[in-house]
Each structure stands twice: as C-alpha cells, then as structure tokens.
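Pasting protein-v4.txt here (compact mmCIF, C-alpha atoms and all ligand atoms):
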# COMPACT_ATOMS: atom_id res chain seq x y z
CA MET A 20 -98.43 42.95 -101.94
CA THR A 21 -95.85 45.14 -103.68
CA GLN A 22 -92.42 43.64 -103.99
CA GLN A 23 -89.23 45.63 -103.59
CA TRP A 24 -86.42 44.96 -106.02
CA ILE A 25 -82.90 46.38 -106.02
CA GLU A 26 -81.18 46.71 -109.35
CA GLU A 27 -77.43 46.78 -109.86
CA THR A 28 -76.30 49.87 -111.76
CA LEU A 29 -72.84 48.72 -112.85
CA TYR A 30 -73.66 48.87 -116.57
CA ASP A 31 -76.12 51.31 -118.08
CA ASN A 32 -77.39 48.81 -120.64
CA TRP A 33 -77.53 45.48 -118.78
CA GLY A 34 -77.85 44.26 -115.24
CA GLN A 35 -79.22 42.01 -112.53
CA ARG A 36 -81.80 42.66 -109.84
CA PHE A 37 -82.62 41.08 -106.50
CA ARG A 38 -85.95 40.73 -104.76
CA VAL A 39 -85.45 42.32 -101.38
CA THR A 40 -86.98 40.71 -98.34
CA LYS A 41 -85.53 43.28 -95.95
CA GLU A 42 -83.34 46.33 -96.28
CA LEU A 43 -80.84 46.23 -93.42
CA ALA A 44 -78.76 49.38 -93.94
CA ARG A 45 -78.56 52.29 -96.33
CA THR A 46 -76.00 55.00 -95.75
CA LYS A 47 -73.60 57.36 -97.46
CA SER A 48 -70.06 57.22 -96.10
CA PRO A 49 -67.46 59.85 -97.08
CA PHE A 50 -66.35 57.38 -99.78
CA GLN A 51 -69.43 55.65 -101.21
CA ASP A 52 -73.11 54.73 -100.96
CA ILE A 53 -73.50 51.56 -98.92
CA VAL A 54 -76.56 49.29 -98.98
CA VAL A 55 -76.97 45.96 -97.21
CA PHE A 56 -80.14 43.97 -97.82
CA GLU A 57 -81.58 40.52 -97.43
CA SER A 58 -82.72 38.67 -100.54
CA ASP A 59 -84.51 35.36 -100.80
CA SER A 60 -82.24 34.26 -103.66
CA HIS A 61 -78.71 35.12 -102.37
CA GLY A 62 -79.03 35.77 -98.65
CA ARG A 63 -77.55 39.06 -97.51
CA VAL A 64 -76.01 41.32 -100.15
CA LEU A 65 -73.52 44.22 -99.83
CA MET A 66 -73.70 46.90 -102.53
CA LEU A 67 -71.33 49.86 -102.88
CA ASP A 68 -72.29 52.69 -105.23
CA GLY A 69 -74.96 50.44 -106.73
CA VAL A 70 -72.53 47.60 -107.48
CA VAL A 71 -72.77 44.14 -105.89
CA GLN A 72 -69.68 43.47 -103.79
CA ILE A 73 -70.54 40.29 -102.00
CA THR A 74 -73.49 38.00 -101.36
CA GLU A 75 -73.67 35.41 -98.60
CA ARG A 76 -74.57 32.73 -101.11
CA ASP A 77 -71.64 32.95 -103.55
CA GLU A 78 -68.91 34.78 -101.61
CA PHE A 79 -66.96 31.57 -101.22
CA VAL A 80 -66.06 31.44 -104.93
CA TYR A 81 -64.38 34.81 -105.03
CA GLN A 82 -62.79 34.73 -101.57
CA GLU A 83 -61.35 31.23 -101.91
CA MET A 84 -59.87 31.95 -105.35
CA LEU A 85 -58.53 35.36 -104.35
CA THR A 86 -56.82 33.89 -101.29
CA HIS A 87 -55.86 30.25 -101.72
CA VAL A 88 -54.43 30.62 -105.23
CA PRO A 89 -51.77 33.24 -104.32
CA LEU A 90 -50.98 31.66 -100.95
CA PHE A 91 -50.48 28.18 -102.36
CA THR A 92 -48.66 29.61 -105.39
CA HIS A 93 -46.21 31.26 -103.01
CA GLY A 94 -46.12 28.17 -100.84
CA ALA A 95 -44.54 29.65 -97.69
CA ALA A 96 -46.14 33.03 -97.08
CA ARG A 97 -45.73 34.34 -93.55
CA SER A 98 -46.71 37.97 -94.02
CA VAL A 99 -49.78 38.99 -96.04
CA LEU A 100 -51.15 42.44 -96.88
CA ILE A 101 -54.83 42.76 -97.83
CA ILE A 102 -56.05 45.99 -99.39
CA GLY A 103 -59.80 46.71 -99.37
CA ALA A 104 -61.89 43.61 -98.59
CA GLY A 105 -63.88 45.40 -95.90
CA ASP A 106 -66.33 42.53 -95.51
CA GLY A 107 -63.53 40.50 -93.89
CA GLY A 108 -63.94 37.39 -96.04
CA VAL A 109 -60.40 37.48 -97.44
CA LEU A 110 -58.95 38.06 -93.97
CA ARG A 111 -60.76 34.97 -92.73
CA ARG A 112 -59.43 32.82 -95.60
CA VAL A 113 -55.86 34.15 -95.19
CA LEU A 114 -55.92 33.26 -91.49
CA GLU A 115 -56.95 29.71 -92.37
CA HIS A 116 -53.33 29.28 -93.52
CA PRO A 117 -51.41 28.26 -90.40
CA GLY A 118 -48.09 29.45 -91.85
CA VAL A 119 -49.31 33.06 -91.99
CA GLU A 120 -47.90 34.87 -88.96
CA LYS A 121 -49.24 38.32 -89.79
CA ALA A 122 -52.18 39.54 -91.91
CA VAL A 123 -52.53 43.30 -92.26
CA MET A 124 -55.80 44.51 -93.78
CA VAL A 125 -56.10 48.13 -94.97
CA GLU A 126 -59.64 49.22 -95.83
CA ILE A 127 -60.40 52.85 -96.59
CA ASP A 128 -64.00 52.81 -95.44
CA GLY A 129 -64.59 52.03 -91.76
CA ALA A 130 -68.34 52.01 -92.41
CA VAL A 131 -67.98 48.96 -94.69
CA ILE A 132 -66.18 47.12 -91.88
CA GLU A 133 -68.74 48.11 -89.25
CA LEU A 134 -71.79 47.27 -91.40
CA SER A 135 -70.23 43.94 -92.40
CA LYS A 136 -69.60 43.08 -88.75
CA GLN A 137 -73.19 43.96 -87.95
CA HIS A 138 -75.06 42.47 -90.89
CA LEU A 139 -72.70 39.94 -92.53
CA PRO A 140 -71.04 38.35 -89.49
CA GLY A 141 -70.70 34.94 -91.12
CA ILE A 142 -68.39 36.24 -93.86
CA ALA A 143 -65.44 37.09 -91.61
CA GLY A 144 -66.34 34.74 -88.75
CA ASP A 145 -64.03 35.49 -85.82
CA ALA A 146 -61.20 36.77 -88.05
CA TRP A 147 -61.59 40.30 -86.69
CA ASN A 148 -60.41 39.16 -83.26
CA ASN A 149 -57.57 36.92 -84.42
CA PRO A 150 -54.27 37.99 -82.80
CA ARG A 151 -52.47 37.49 -86.13
CA ALA A 152 -54.73 40.11 -87.77
CA GLU A 153 -54.14 43.85 -87.85
CA VAL A 154 -57.02 45.87 -89.30
CA ILE A 155 -56.25 49.43 -90.37
CA VAL A 156 -58.78 51.98 -91.65
CA GLY A 157 -56.88 53.94 -94.28
CA ASP A 158 -56.07 54.37 -97.95
CA GLY A 159 -54.22 51.42 -99.47
CA ILE A 160 -52.00 53.69 -101.58
CA ASP A 161 -50.80 55.59 -98.49
CA TYR A 162 -50.10 52.35 -96.65
CA VAL A 163 -47.99 50.84 -99.43
CA ALA A 164 -46.13 54.12 -99.94
CA ARG A 165 -45.02 54.06 -96.29
CA ALA A 166 -44.46 50.32 -95.79
CA ALA A 167 -40.91 49.02 -95.47
CA ASP A 168 -39.11 47.32 -98.36
CA ALA A 169 -39.58 43.54 -98.58
CA SER A 170 -42.08 43.43 -95.73
CA PHE A 171 -44.78 41.20 -97.28
CA ASP A 172 -44.76 37.85 -99.09
CA VAL A 173 -48.21 38.24 -100.68
CA ILE A 174 -50.42 41.25 -101.39
CA ILE A 175 -54.13 40.65 -102.05
CA VAL A 176 -56.03 43.59 -103.51
CA ASP A 177 -59.78 43.14 -103.07
CA SER A 178 -60.89 46.50 -104.33
CA THR A 179 -63.87 48.09 -105.93
CA ASP A 180 -63.62 48.69 -109.69
CA PRO A 181 -61.13 51.30 -110.99
CA ILE A 182 -63.51 54.20 -110.60
CA GLY A 183 -63.89 56.47 -107.59
CA VAL A 184 -62.07 55.59 -104.41
CA GLY A 185 -60.59 52.35 -105.81
CA GLU A 186 -58.94 54.02 -108.81
CA VAL A 187 -55.58 54.60 -107.08
CA LEU A 188 -55.21 50.85 -106.59
CA PHE A 189 -54.89 50.39 -110.36
CA THR A 190 -52.09 52.94 -110.94
CA ASP A 191 -48.39 52.59 -111.79
CA SER A 192 -47.45 54.20 -108.50
CA PHE A 193 -49.44 51.63 -106.52
CA TYR A 194 -47.90 48.67 -108.34
CA GLN A 195 -44.41 50.15 -108.03
CA HIS A 196 -44.74 50.38 -104.26
CA CYS A 197 -46.24 46.90 -104.10
CA ALA A 198 -43.21 45.51 -105.94
CA ARG A 199 -40.89 47.33 -103.53
CA ILE A 200 -42.58 46.12 -100.34
CA LEU A 201 -42.81 42.50 -101.51
CA THR A 202 -40.07 39.99 -100.69
CA ALA A 203 -37.88 38.58 -103.50
CA ASP A 204 -40.33 35.82 -104.44
CA GLY A 205 -43.42 37.83 -103.44
CA LEU A 206 -46.57 38.12 -105.47
CA ILE A 207 -49.63 40.30 -105.83
CA VAL A 208 -53.16 39.41 -106.88
CA ASN A 209 -56.03 41.72 -107.70
CA GLN A 210 -59.47 41.46 -109.19
CA CYS A 211 -59.55 42.50 -112.85
CA GLY A 212 -63.27 42.43 -113.51
CA VAL A 213 -65.35 40.35 -115.91
CA PRO A 214 -63.60 40.46 -119.31
CA PHE A 215 -66.77 39.78 -121.27
CA MET A 216 -67.99 43.19 -120.08
CA GLN A 217 -64.85 44.95 -118.80
CA ALA A 218 -62.07 43.80 -121.13
CA ASP A 219 -59.93 46.90 -120.68
CA GLU A 220 -59.51 46.27 -116.97
CA LEU A 221 -57.51 43.07 -117.47
CA TYR A 222 -55.35 44.50 -120.25
CA GLU A 223 -54.58 47.79 -118.54
CA THR A 224 -53.74 46.33 -115.14
CA SER A 225 -51.58 43.64 -116.76
CA VAL A 226 -49.61 46.20 -118.75
CA ARG A 227 -49.07 48.26 -115.60
CA ARG A 228 -47.97 45.31 -113.49
CA ALA A 229 -45.59 44.15 -116.23
CA LYS A 230 -43.58 47.36 -115.68
CA PHE A 231 -42.65 46.23 -112.17
CA PHE A 232 -43.06 42.43 -112.09
CA PRO A 233 -41.22 39.96 -114.35
CA GLN A 234 -44.07 37.43 -114.24
CA VAL A 235 -47.59 38.57 -115.07
CA SER A 236 -50.47 36.17 -115.43
CA ALA A 237 -54.18 35.79 -114.75
CA TYR A 238 -56.66 33.11 -113.76
CA VAL A 239 -60.41 32.82 -113.82
CA ALA A 240 -63.26 32.16 -111.41
CA ALA A 241 -66.98 31.96 -112.14
CA VAL A 242 -68.72 34.13 -109.56
CA PRO A 243 -72.49 34.01 -110.21
CA THR A 244 -73.20 37.57 -109.07
CA TYR A 245 -70.32 39.18 -111.00
CA VAL A 246 -72.42 38.79 -114.10
CA GLY A 247 -70.98 38.13 -117.55
CA GLY A 248 -69.21 34.77 -117.19
CA PHE A 249 -65.71 34.34 -115.81
CA MET A 250 -64.09 37.06 -113.80
CA THR A 251 -60.32 37.39 -113.99
CA LEU A 252 -57.89 37.68 -111.14
CA GLY A 253 -54.59 39.20 -112.17
CA ILE A 254 -51.49 37.77 -110.51
CA ALA A 255 -47.94 39.05 -110.80
CA SER A 256 -44.80 37.66 -109.25
CA LYS A 257 -41.28 38.88 -108.52
CA GLY A 258 -40.11 35.26 -108.51
CA LYS A 259 -41.29 32.18 -110.35
CA SER A 260 -44.22 32.12 -112.79
CA PRO A 261 -47.54 31.73 -110.97
CA ALA A 262 -48.90 29.49 -113.72
CA GLY A 263 -47.87 25.88 -114.30
CA GLN A 264 -47.65 24.54 -110.74
CA SER A 265 -48.30 20.83 -110.50
CA ILE A 266 -51.57 19.63 -108.98
CA GLU A 267 -49.54 17.38 -106.67
CA THR A 268 -47.53 20.29 -105.26
CA VAL A 269 -50.66 22.30 -104.59
CA ARG A 270 -52.43 19.31 -103.04
CA THR A 271 -49.51 18.64 -100.69
CA LEU A 272 -49.44 22.26 -99.55
CA ALA A 273 -53.21 22.28 -99.00
CA GLN A 274 -53.05 19.04 -97.05
CA GLN A 275 -50.30 20.39 -94.82
CA ALA A 276 -52.33 23.57 -94.23
CA GLY A 277 -55.48 21.59 -93.33
CA ILE A 278 -57.41 23.29 -96.15
CA LEU A 279 -57.78 20.32 -98.51
CA GLY A 280 -61.42 19.18 -98.51
CA ASN A 281 -62.55 22.24 -96.58
CA THR A 282 -63.41 24.50 -99.50
CA GLN A 283 -66.48 24.89 -101.69
CA TYR A 284 -64.90 26.09 -104.96
CA TRP A 285 -61.10 25.95 -104.71
CA THR A 286 -59.44 22.58 -105.23
CA PRO A 287 -55.88 21.79 -106.39
CA GLU A 288 -57.29 20.84 -109.81
CA ILE A 289 -59.27 24.08 -110.15
CA HIS A 290 -56.25 26.07 -108.91
CA VAL A 291 -54.03 24.72 -111.69
CA GLY A 292 -56.77 24.64 -114.35
CA ALA A 293 -57.88 28.22 -113.71
CA PHE A 294 -54.72 29.50 -115.38
CA ASN A 295 -55.91 28.02 -118.70
CA LEU A 296 -57.62 31.04 -120.14
CA PRO A 297 -60.28 30.87 -122.86
CA PRO A 298 -58.92 32.65 -125.96
CA TYR A 299 -61.48 35.46 -125.67
CA ILE A 300 -59.88 36.31 -122.31
CA ALA A 301 -56.24 35.45 -123.09
CA LYS A 302 -56.22 37.97 -125.93
CA HIS A 303 -56.54 40.75 -123.35
CA LEU A 304 -53.25 39.86 -121.69
CA PRO A 305 -50.21 41.67 -123.08
CA LYS A 306 -48.02 39.42 -125.23
CA ALA A 307 -44.74 38.28 -123.63
CA GLU A 308 -41.71 40.08 -125.13
N1 LIG A 401 -65.10 41.18 -103.16
C1 LIG A 401 -65.88 42.21 -103.60
C2 LIG A 401 -65.67 42.69 -105.05
O1 LIG A 401 -64.62 42.50 -105.64
O2 LIG A 401 -66.58 43.25 -105.64
C3 LIG A 401 -65.85 43.21 -102.60
C4 LIG A 401 -64.72 44.05 -102.40
S1 LIG A 401 -65.20 45.45 -101.52
C5 LIG A 401 -65.44 44.98 -99.96
C6 LIG A 401 -63.86 46.43 -101.85
C7 LIG A 401 -63.43 47.37 -100.78
O3 LIG A 401 -62.30 48.10 -101.25
C8 LIG A 401 -64.48 48.39 -100.40
O4 LIG A 401 -64.91 48.13 -99.08
C9 LIG A 401 -63.78 49.74 -100.55
O5 LIG A 401 -64.07 50.64 -99.52
C10 LIG A 401 -62.31 49.31 -100.54
N2 LIG A 401 -61.42 50.29 -101.17
C11 LIG A 401 -61.63 50.99 -102.30
N3 LIG A 401 -60.61 51.83 -102.52
C12 LIG A 401 -59.72 51.64 -101.52
C13 LIG A 401 -58.45 52.22 -101.21
N4 LIG A 401 -57.92 53.17 -101.97
N5 LIG A 401 -57.80 51.75 -100.11
C14 LIG A 401 -58.34 50.78 -99.33
N6 LIG A 401 -59.54 50.21 -99.57
C15 LIG A 401 -60.22 50.64 -100.66

structure tokens encoding of this file:
Amino acid sequence: MTQQWIEETLYDNWGQRFRVTKELARTKSPFQDIVVFESDSHGRVLMLDGVVQITERDEFVYQEMLTHVPLFTHGAARSVLIIGAGDGGVLRRVLEHPGVEKAVMVEIDGAVIELSKQHLPGIAGDAWNNPRAEVIVGDGIDYVARAADASFDVIIVDSTDPIGVGEVLFTDSFYQHCARILTADGLIVNQCGVPFMQADELYETSVRRAKFFPQVSAYVAAVPTYVGGFMTLGIASKGKSPAGQSIETVRTLAQQAGILGNTQYWTPEIHVGAFNLPPYIAKHLPKAE
C-alpha cells in the first residue's frame, strides 16, 4: 500500500513531514492555500501555504501560552482583541477568563474559520457562539486603524509569518495603532517565530514595538510542530514590565479565574520562568537604552 506524506515547505533546506491518513480539505482562498488533513501522529493538522499552523495534538502549548501569559500579566483585562487565529483556539482560551467582557477576533480569511469549524471543531469548542465573542472577517491592519483610542486592554496577534498576507501585522504602522487603541496599562503579544531558524523575526519585531511601547520583552514556549526548539512570543506593554511577576501573584489570579489546574502546558511557574531566555535567544532582543 502506498503511503501519502505531506511535507512542510517553510524552509527550503530542512523540514518535517506527516503521514496522512486522510486529506479532509484542500483549497485556495483569495489569501492562501489551505490544507486540512488527518495524521496518525498529530491528529488533524491545518496548513496554510505549506506551513503548519496548528495540530490537534500540540495546539494547547501555543494557545495557552499566547493567551494566559498576557491575560494574567495584565491581571484585569476586560476587553481583548485577537488578530488572526482563525482556528478559534485563542478565542476559546480568552473566553475561559471570566473577567473578559468582550473578545473581538479579526481574521482576514473566512475560509480558515469555516474549515476549522468543519474539520477542527474541538479547537474552538463552543467559543464561536459565546455572546462575549465578536468574530469579524477582515484585515487586522484595517481594524486597528479604525478602532477607537484606548478600547482594548490586551491585543493578541496570532498571525502567519511576516510574509504574504500576514506581513502588515509586523509593520510600524500596525504597532503604532495597537499602542493607540490599548488602554494605559495595555499590552500586546505576538508570535515571533522560532529563533533557532528565524532569528531576525524576534529582533525586528522587538525593535519596531520598542518605538511605541516602553516595555518590550519576550518569552518562550516549546511547540513540537514549530520545529527548531523554542518559539518566542514577543510581548510589549504600555504599563509595567511584563517580566518579573511573582509566581504567587500569577497563581492567585489563575485560581480566581478557575484556570489553575485546568491547563496542559501553562502553569504559574512556567509563566514566570518562560521570561528567562537562553542567551542564544536573548541576544536577538534589542538592548535596553
Ligand atoms: N497558531 C498558528 C501559528 O502561529 O502558526 C496559527 C495561526 S493561523 C490560524 C494565523 C491566521 O492569521 C491565518 O488564519 C491568517 O489568515 C491570519 N492572518 C494573516 N494575516 C492577517 C491579517 N492581515 N489580518 C487578519 N488575519 C490575518
């Protein structure tokens, strides 16, 4: 019997491949090539333009770290903006925070949302129908350019890499608007790639954010299918430094939110420890003035 494999095409000299048990969808939207397939190693997998976005098996690592770290760093977020994240996993985690009154998600590609609802229903759960959620199909840069000043406490950018349709989400103009629409102690987080392979991404986004945010930092998460070791999540704040919270403070907040003990990767200890960057990663952050 011939076996079908799908290979990731992120790098032209190194990669990973999955044995496919069933291809569930393959389409070309106006924005990107979308493939959803079933694998016997990682469950269902979403690929955009040949790059793995999410797998059922390890999505919890990325989604928990992208959501719980900024929300517990802020500590009292009521209004959250999510850009990208069409699979709905971040929306679901944001809505787990009872203090969040409004979560607006802006995803450019309606086909990613529809295919995720159809083939990856467990990732968002019932978040799509939550009355606190507003899901908008549109470009994140347009949304932030039009949003009112100080209208969000936290912005989570779960984008594709800074090529193609996601490129605008890594620009000065995007970060400038994000700073404007955040409240005084607001903060923004975005994925900055795997520094072992994509070192420039962390440096360049950090330099850009530093133009508009007084506090710029980063933390790490080990996502098995974002190959190359730790991935970095860049975090920038208009208020206090995101790094250096006490484990006790984070634990108390998580207990109050009913999230403590209900995660698979995030814990208060990992939250605080993740800001300790290995030197090979730290060297890609701009030096403080
Ligand atoms: N968590 C995964 C990762 O980091 O690889 C998946 C993220 S994936 C679902 C990112 C989403 O960002 C895609 O669905 C893509 O359509 C969306 N996106 C890219 N550029 C965008 C833009 N300018 N505005 C809104 N969404 C955008």

List as a CSV table (one decimal) with C-alpha atoms, in the coordinates of the input the protein and nucleic acid residues lying within 7 Å of ligand LIG 401 (chain A), with all atoms listed in the file counted.
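Once everything was written out, this is selection-v2.csv:
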chain,number,residue,atom,x,y,z
A,71,VAL,CA,-72.8,44.1,-105.9
A,72,GLN,CA,-69.7,43.5,-103.8
A,73,ILE,CA,-70.5,40.3,-102.0
A,81,TYR,CA,-64.4,34.8,-105.0
A,102,ILE,CA,-56.0,46.0,-99.4
A,103,GLY,CA,-59.8,46.7,-99.4
A,104,ALA,CA,-61.9,43.6,-98.6
A,105,GLY,CA,-63.9,45.4,-95.9
A,106,ASP,CA,-66.3,42.5,-95.5
A,125,VAL,CA,-56.1,48.1,-95.0
A,126,GLU,CA,-59.6,49.2,-95.8
A,127,ILE,CA,-60.4,52.8,-96.6
A,128,ASP,CA,-64.0,52.8,-95.4
A,131,VAL,CA,-68.0,49.0,-94.7
A,157,GLY,CA,-56.9,53.9,-94.3
A,158,ASP,CA,-56.1,54.4,-98.0
A,159,GLY,CA,-54.2,51.4,-99.5
A,160,ILE,CA,-52.0,53.7,-101.6
A,177,ASP,CA,-59.8,43.1,-103.1
A,178,SER,CA,-60.9,46.5,-104.3
A,179,THR,CA,-63.9,48.1,-105.9
A,184,VAL,CA,-62.1,55.6,-104.4
A,185,GLY,CA,-60.6,52.4,-105.8
A,186,GLU,CA,-58.9,54.0,-108.8
A,187,VAL,CA,-55.6,54.6,-107.1
A,188,LEU,CA,-55.2,50.8,-106.6
A,210,GLN,CA,-59.5,41.5,-109.2

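The protein and nucleic acid residues lying at most 7 Å from Leu100 in chain A are Ala122, Val123, Met124, Phe171, Val173, Ile174 and Ile175 of chain A, with only C-alpha atoms considered and sequence neighbours fewer than 5 positions away removed.
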
Applying 8 Å and all atoms listed in the file, which residues near Phe215 in chain A remain after dropping the ones on its own chain fewer than 5 positions away? List them as a ChimeraX atom specification.
/A:247-249,300

Counting all atoms listed in the file, figure out which residue out of A:Lys306, A:Gln51, A:Gly253, A:Glu83 gets nearest to Thr286 in chain A.
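That would be A:Glu83, the residue with the smallest distance to Thr286 in chain A.
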
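Between CA of Tyr238 in chain A and CA of Thr251 in chain A the interatomic distance comes to 5.6 Å.
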
For Ala240 in chain A, work out the shell of residues within 12 Å, counting all atoms listed in the file and skipping chain neighbours fewer than 3 positions away, then give it as a PyMOL selection string.
chain A and resi 77-85+88+210-214+237+243-253+284-285+289-297
